[in-house]
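Enquirer: Input file: target_35.cif. Contents: mmCIF, C-alpha atoms and all ligand atoms.
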data_coords
#
loop_
_atom_site.group_PDB
_atom_site.id
_atom_site.type_symbol
_atom_site.label_atom_id
_atom_site.label_comp_id
_atom_site.auth_asym_id
_atom_site.auth_seq_id
_atom_site.Cartn_x
_atom_site.Cartn_y
_atom_site.Cartn_z
ATOM 1 C CA MET A 1 0.000 0.000 0.000
ATOM 2 C CA PRO A 2 1.610 3.311 -1.047
ATOM 3 C CA LEU A 3 2.481 5.659 1.795
ATOM 4 C CA ILE A 4 2.579 9.402 1.266
ATOM 5 C CA ALA A 5 4.191 11.615 3.898
ATOM 6 C CA ILE A 6 2.831 15.149 3.835
ATOM 7 C CA PHE A 7 4.829 17.950 5.443
ATOM 8 C CA ALA A 8 2.716 20.976 6.331
ATOM 9 C CA SER A 9 3.018 23.962 8.664
ATOM 10 C CA GLY A 10 -0.312 25.728 8.448
ATOM 11 C CA THR A 11 -3.896 25.538 7.275
ATOM 12 C CA GLY A 12 -3.547 22.290 5.402
ATOM 13 C CA THR A 13 -6.155 22.612 2.662
ATOM 14 C CA ASN A 14 -3.769 21.003 0.174
ATOM 15 C CA ALA A 15 -2.998 18.215 2.621
ATOM 16 C CA GLU A 16 -6.722 17.583 3.060
ATOM 17 C CA ASN A 17 -7.331 17.668 -0.679
ATOM 18 C CA ILE A 18 -4.542 15.158 -1.352
ATOM 19 C CA ILE A 19 -5.742 12.798 1.367
ATOM 20 C CA LYS A 20 -9.370 12.974 0.230
ATOM 21 C CA THR A 21 -8.495 12.498 -3.444
ATOM 22 C CA PHE A 22 -6.445 9.378 -2.835
ATOM 23 C CA SER A 23 -8.613 7.907 -0.114
ATOM 24 C CA SER A 24 -11.553 7.839 -2.512
ATOM 25 C CA GLN A 25 -9.526 6.022 -5.178
ATOM 26 C CA GLN A 26 -7.797 3.112 -3.494
ATOM 27 C CA ASN A 27 -5.884 2.134 -0.417
ATOM 28 C CA PHE A 28 -3.304 4.742 0.341
ATOM 29 C CA GLN A 29 -1.698 5.479 3.651
ATOM 30 C CA PHE A 30 -0.764 8.920 4.853
ATOM 31 C CA ILE A 31 1.194 10.502 7.602
ATOM 32 C CA VAL A 32 1.293 14.208 8.288
ATOM 33 C CA PHE A 33 4.511 15.771 9.583
ATOM 34 C CA CYS A 34 3.996 19.181 11.145
ATOM 35 C CA ASN A 35 6.319 21.629 12.883
ATOM 36 C CA ASN A 36 3.530 23.749 14.376
ATOM 37 C CA PRO A 37 1.498 22.259 17.252
ATOM 38 C CA THR A 38 -1.359 24.738 16.696
ATOM 39 C CA ALA A 39 -1.585 24.322 12.914
ATOM 40 C CA GLU A 40 -5.041 23.667 11.494
ATOM 41 C CA VAL A 41 -3.631 20.867 9.362
ATOM 42 C CA LEU A 42 -3.445 18.712 12.499
ATOM 43 C CA GLN A 43 -7.194 18.963 13.083
ATOM 44 C CA ARG A 44 -7.849 18.214 9.422
ATOM 45 C CA ALA A 45 -5.647 15.123 9.619
ATOM 46 C CA GLU A 46 -7.357 13.934 12.774
ATOM 47 C CA LYS A 47 -10.821 14.316 11.227
ATOM 48 C CA LEU A 48 -9.666 12.238 8.279
ATOM 49 C CA GLY A 49 -8.205 9.588 10.569
ATOM 50 C CA VAL A 50 -4.657 10.293 9.419
ATOM 51 C CA PRO A 51 -1.857 10.073 11.999
ATOM 52 C CA SER A 52 0.404 13.051 12.468
ATOM 53 C CA ILE A 53 3.810 13.697 13.932
ATOM 54 C CA ILE A 54 4.692 17.050 15.469
ATOM 55 C CA PHE A 55 8.376 17.877 15.490
ATOM 56 C CA THR A 56 10.653 20.678 16.583
ATOM 57 C CA ARG A 57 13.525 22.465 14.876
ATOM 58 C CA ARG A 58 15.938 20.289 16.840
ATOM 59 C CA ASP A 59 14.161 17.138 15.621
ATOM 60 C CA LEU A 60 14.600 18.260 12.035
ATOM 61 C CA TYR A 61 18.032 19.882 12.069
ATOM 62 C CA GLU A 62 19.965 18.552 15.062
ATOM 63 C CA ASN A 63 19.042 15.203 16.529
ATOM 64 C CA GLY A 64 17.922 13.297 13.437
ATOM 65 C CA THR A 65 14.492 12.402 14.827
ATOM 66 C CA VAL A 66 12.579 13.335 11.672
ATOM 67 C CA LEU A 67 15.031 11.429 9.463
ATOM 68 C CA GLN A 68 14.727 8.364 11.707
ATOM 69 C CA GLN A 69 10.935 8.534 11.534
ATOM 70 C CA LEU A 70 11.028 8.806 7.757
ATOM 71 C CA LEU A 71 13.429 5.886 7.512
ATOM 72 C CA ALA A 72 11.100 3.852 9.703
ATOM 73 C CA TYR A 73 7.943 4.707 7.735
ATOM 74 C CA LYS A 74 9.660 4.434 4.313
ATOM 75 C CA PRO A 75 7.234 6.727 2.456
ATOM 76 C CA ASP A 76 6.915 6.261 -1.299
ATOM 77 C CA LEU A 77 6.694 10.017 -1.675
ATOM 78 C CA ILE A 78 7.194 13.038 0.577
ATOM 79 C CA ALA A 79 4.972 15.929 -0.468
ATOM 80 C CA LEU A 80 5.452 19.377 1.036
ATOM 81 C CA ALA A 81 2.161 21.268 1.179
ATOM 82 C CA GLY A 82 2.586 24.671 2.767
ATOM 83 C CA PHE A 83 5.685 23.584 4.686
ATOM 84 C CA LEU A 84 7.853 26.534 5.599
ATOM 85 C CA TRP A 85 11.183 25.126 6.776
ATOM 86 C CA LEU A 86 14.051 24.013 4.593
ATOM 87 C CA ILE A 87 14.454 20.244 4.265
ATOM 88 C CA PRO A 88 17.969 19.340 5.482
ATOM 89 C CA ALA A 89 20.461 17.845 3.036
ATOM 90 C CA GLU A 90 20.657 14.581 4.961
ATOM 91 C CA ILE A 91 16.974 13.863 4.393
ATOM 92 C CA ILE A 92 17.221 14.824 0.714
ATOM 93 C CA GLN A 93 20.145 12.430 0.264
ATOM 94 C CA HIS A 94 18.159 9.557 1.782
ATOM 95 C CA PHE A 95 15.133 10.179 -0.445
ATOM 96 C CA PRO A 96 16.444 11.096 -3.900
ATOM 97 C CA ASP A 97 13.663 12.220 -6.281
ATOM 98 C CA LYS A 98 11.071 11.438 -3.632
ATOM 99 C CA ILE A 99 10.554 14.872 -2.087
ATOM 100 C CA ILE A 100 8.403 17.402 -3.895
ATOM 101 C CA ASN A 101 7.019 20.831 -3.102
ATOM 102 C CA ILE A 102 4.224 23.006 -4.390
ATOM 103 C CA HIS A 103 4.821 26.715 -4.701
ATOM 104 C CA PRO A 104 2.005 29.209 -5.369
ATOM 105 C CA ALA A 105 3.658 31.112 -8.230
ATOM 106 C CA LEU A 106 5.585 30.481 -11.413
ATOM 107 C CA LEU A 107 9.160 29.774 -10.311
ATOM 108 C CA PRO A 108 11.914 30.852 -10.703
ATOM 109 C CA LYS A 109 10.157 34.139 -10.019
ATOM 110 C CA PHE A 110 8.638 34.910 -6.637
ATOM 111 C CA GLY A 111 10.404 32.128 -4.749
ATOM 112 C CA GLY A 112 13.105 31.844 -2.111
ATOM 113 C CA LYS A 113 13.350 32.167 1.644
ATOM 114 C CA GLY A 114 10.383 33.910 3.230
ATOM 115 C CA MET A 115 8.266 33.616 0.094
ATOM 116 C CA TYR A 116 5.234 31.659 1.139
ATOM 117 C CA GLY A 117 1.481 31.909 1.082
ATOM 118 C CA GLU A 118 0.077 35.431 0.975
ATOM 119 C CA ARG A 119 3.514 37.034 0.725
ATOM 120 C CA VAL A 120 3.980 35.406 -2.661
ATOM 121 C CA HIS A 121 0.667 36.702 -3.978
ATOM 122 C CA ARG A 122 1.372 40.204 -2.676
ATOM 123 C CA ALA A 123 4.764 40.204 -4.445
ATOM 124 C CA VAL A 124 3.149 39.046 -7.700
ATOM 125 C CA ILE A 125 0.570 41.848 -7.527
ATOM 126 C CA GLU A 126 3.163 44.479 -6.574
ATOM 127 C CA ALA A 127 5.267 43.441 -9.573
ATOM 128 C CA ASN A 128 2.229 44.083 -11.823
ATOM 129 C CA ALA A 129 2.492 40.546 -13.183
ATOM 130 C CA THR A 130 -0.421 39.579 -15.422
ATOM 131 C CA VAL A 131 0.105 35.838 -15.007
ATOM 132 C CA SER A 132 0.717 33.678 -11.938
ATOM 133 C CA GLY A 133 0.152 30.024 -11.185
ATOM 134 C CA ILE A 134 1.679 27.026 -9.465
ATOM 135 C CA THR A 135 4.976 25.199 -9.628
ATOM 136 C CA ILE A 136 5.498 21.635 -8.486
ATOM 137 C CA HIS A 137 9.177 20.818 -8.166
ATOM 138 C CA TYR A 138 11.651 18.425 -6.620
ATOM 139 C CA VAL A 139 13.137 19.658 -3.376
ATOM 140 C CA ASN A 140 16.834 20.380 -3.136
ATOM 141 C CA GLU A 141 18.947 22.116 -0.491
ATOM 142 C CA ASN A 142 17.756 25.604 -1.481
ATOM 143 C CA TYR A 143 14.306 27.114 -1.164
ATOM 144 C CA ASP A 144 12.252 26.674 -4.354
ATOM 145 C CA GLU A 145 15.192 25.786 -6.598
ATOM 146 C CA GLY A 146 14.796 22.077 -7.322
ATOM 147 C CA GLN A 147 14.002 20.751 -10.772
ATOM 148 C CA ILE A 148 10.578 21.813 -11.990
ATOM 149 C CA ILE A 149 8.139 18.959 -12.627
ATOM 150 C CA PHE A 150 4.993 20.863 -13.579
ATOM 151 C CA GLN A 151 3.597 24.367 -13.884
ATOM 152 C CA ALA A 152 0.104 25.687 -14.532
ATOM 153 C CA SER A 153 -0.849 29.313 -14.899
ATOM 154 C CA CYS A 154 -3.769 31.618 -14.226
ATOM 155 C CA PRO A 155 -4.396 35.299 -14.930
ATOM 156 C CA VAL A 156 -3.723 38.087 -12.446
ATOM 157 C CA TYR A 157 -6.318 40.847 -12.710
ATOM 158 C CA SER A 158 -5.811 44.527 -11.954
ATOM 159 C CA TRP A 159 -8.385 44.305 -9.181
ATOM 160 C CA ASP A 160 -6.815 41.255 -7.500
ATOM 161 C CA THR A 161 -5.917 41.294 -3.828
ATOM 162 C CA PRO A 162 -3.567 38.673 -2.352
ATOM 163 C CA HIS A 163 -6.704 36.923 -1.145
ATOM 164 C CA THR A 164 -8.518 36.732 -4.504
ATOM 165 C CA LEU A 165 -5.338 35.657 -6.271
ATOM 166 C CA ALA A 166 -4.691 33.019 -3.600
ATOM 167 C CA GLU A 167 -8.156 31.562 -4.218
ATOM 168 C CA ARG A 168 -7.472 31.233 -7.961
ATOM 169 C CA VAL A 169 -4.065 29.675 -7.329
ATOM 170 C CA HIS A 170 -5.469 27.301 -4.712
ATOM 171 C CA LYS A 171 -7.909 25.954 -7.300
ATOM 172 C CA LEU A 172 -4.966 25.076 -9.542
ATOM 173 C CA GLU A 173 -3.214 23.430 -6.608
ATOM 174 C CA TYR A 174 -6.218 21.293 -5.738
ATOM 175 C CA GLU A 175 -6.639 20.232 -9.366
ATOM 176 C CA HIS A 176 -3.033 19.387 -10.167
ATOM 177 C CA TYR A 177 -1.080 18.395 -7.049
ATOM 178 C CA PRO A 178 -2.843 15.041 -6.554
ATOM 179 C CA LYS A 179 -2.496 14.257 -10.272
ATOM 180 C CA ILE A 180 1.245 14.901 -10.247
ATOM 181 C CA ILE A 181 1.632 12.860 -7.070
ATOM 182 C CA ALA A 182 -0.211 9.982 -8.752
ATOM 183 C CA GLN A 183 2.088 10.186 -11.777
ATOM 184 C CA LEU A 184 5.209 10.170 -9.627
ATOM 185 C CA LEU A 185 3.991 7.199 -7.613
ATOM 186 C CA LYS A 186 3.700 5.186 -10.827
ATOM 187 C CA LYS A 187 7.374 5.807 -11.735
HETATM 188 C C1 LIG B 1 -0.231 26.812 -0.608
HETATM 189 O O1 LIG B 1 -0.715 27.784 -1.469
HETATM 190 C C2 LIG B 1 1.174 26.420 -0.989
HETATM 191 O O2 LIG B 1 1.416 26.485 -2.344
HETATM 192 C C3 LIG B 1 1.972 27.471 -0.269
HETATM 193 O O3 LIG B 1 1.353 27.605 0.971
HETATM 194 C C4 LIG B 1 -0.048 27.393 0.789
HETATM 195 C C5 LIG B 1 -0.504 26.452 1.873
HETATM 196 O O4 LIG B 1 -1.901 26.375 1.888
HETATM 197 N N1 LIG B 1 3.348 27.070 -0.132
HETATM 198 C C6 LIG B 1 4.336 27.964 -0.167
HETATM 199 O O5 LIG B 1 4.153 29.153 -0.267
HETATM 200 C C7 LIG B 1 5.736 27.366 -0.088
HETATM 201 N N2 LIG B 1 6.716 28.332 -0.424
HETATM 202 P P1 LIG B 1 -2.613 25.171 2.639
HETATM 203 O O6 LIG B 1 -1.956 25.061 4.021
HETATM 204 O O7 LIG B 1 -4.032 25.581 2.759
HETATM 205 O O8 LIG B 1 -2.408 23.944 1.825
#
Spit out the file's structure as structure tokens when you get a sec.
Ligand code: GAR
Expert:
Amino acid sequence: MPLIAIFASGTGTNAENIIKTFSSQQNFQFIVFCNNPTAEVLQRAEKLGVPSIIFTRRDLYENGTVLQQLLAYKPDLIALAGFLWLIPAEIIQHFPDKIINIHPALLPKFGGKGMYGERVHRAVIEANATVSGITIHYVNENYDEGQIIFQASCPVYSWDTPHTLAERVHKLEYEHYPKIIAQLLKK
């Protein structure tokens, strides 16, 4: 049975969408890794009957706890969905081509440290961009720089706020992230 580990830090609508999409298709297992004990994603996971692991900075960067947990669970894919910390090199080395991220803009623009969620949409609007979208990419040691797997675009309107643009981009995320995950699991 394929196991997908989802790393999330916040609201978790993508995590929920992925879990629901796959649960309705066939037997998949999930585990949510979260660095924020008050994140909404934890309640979403619980409602869906998905186990979660809360970890600290030390667990990720210093004492190897997160790596040990991943090695024990042996996920077929690790999908970041609104996860805000950098994945350490040691984990990347243990899971080559198995860690992917979704970014709410068209990389290589509007990425990098500190560029997440609403901040990305605000930057897109402030740059007067007329197109935005999503990027799904492999994770490497730098924020938002791994090899791009898939992009989809949407218009940015003159009247957009970060909130209205986020809604449009979220729709693309919900449509495409599960599909790309499914394709990668078949490889
Ligand atoms: C998503 O839009 C995701 O692309 C973005 O955070 C949001 C999380 O929403 N990720 C980044 O900005 C990473 N740089 P969610 O918690 O509702 O899925």
Enquirer: Applied to this file, what does the PyMOL selection byres (((chain A and resi 109-125) around 12) and not hetatm) return in terms of residues, put as a count of residues only?
Expert: 51
Enquirer: Closest to ligand LIG 1 (chain B) among A:Ile136, A:Val66, A:Val50, A:Ile4, using only C-alpha atoms and all ligand atoms?
Expert: A:Ile136
Enquirer: Separation of atom CA of Leu184 of chain A and atom C3 of ligand LIG 1 (chain B), in Å?
Expert: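 These atoms are spaced 19.9 Å apart.
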Enquirer: Report, as lines of an AutoDock Vina configuration file, the centre and edge lengths in Å (one decimal) of the axis-aligned box enclosing every listed atom of ligand LIG 1 (chain B), padded by 5 Å on each side.
Expert:
center_x = 1.3
center_y = 26.5
center_z = 0.8
size_x = 20.7
size_y = 15.2
size_z = 16.4
Enquirer: Could you tell me how far atom O7 of ligand LIG 1 (chain B) lies from atom CA of Gln69 of chain A, in Å and to one decimal?
Expert: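 About the pair atom O7 of ligand LIG 1 (chain B) and atom CA of Gln69 of chain A: they are 24.3 Å apart.
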Enquirer: Between A:Ile53, A:Leu71, A:Leu48, A:Ile18, which has the minimum distance to Glu90 of chain A (counting all atoms listed in the file)?
Expert: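 Counting all atoms listed in the file, the residue closest to Glu90 of chain A is A:Leu71.
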Enquirer: Quote the spacing between atom CA of Asn14 of chain A and atom CA of Leu42 of chain A in Å to one decimal place.
Expert: 12.5 Å
Enquirer: Where does the PyMOL selection byres (((chain A and resi 38) around 12) and not hetatm) land in this file, that is, which residues does it pick, as JSON, numbers by chain?
Expert: {"A": [8, 9, 10, 11, 12, 34, 35, 36, 37, 39, 40, 41, 42, 43, 44, 54, 55]}
Enquirer: Kindly indicate which residue among A:Val139, A:Ala89, A:Leu60, A:Leu3 lies nearest to ligand LIG 1 (chain B), using all atoms listed in the file for the distances.
Expert: A:Val139
Enquirer: With distances taken over all atoms listed in the file, which residue among A:Ile181, A:Ala5, A:Ile100, A:Ile78 lies nearest ligand LIG 1 (chain B)?
Expert: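 Nearest to ligand LIG 1 (chain B): A:Ile100.
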Enquirer: Point out the residue among A:Gln25, A:His176, A:Leu185, A:Leu80 with the least atom-to-atom distance to ligand LIG 1 (chain B), counting all atoms listed in the file.
Expert: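 Closest to ligand LIG 1 (chain B), using all atoms listed in the file: A:Leu80.
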Enquirer: Using only C-alpha atoms, which residue out of A:Ala152, A:Met1, A:Ile180, A:Leu172 lies closest to Lys74 of chain A?
Expert: A:Met1
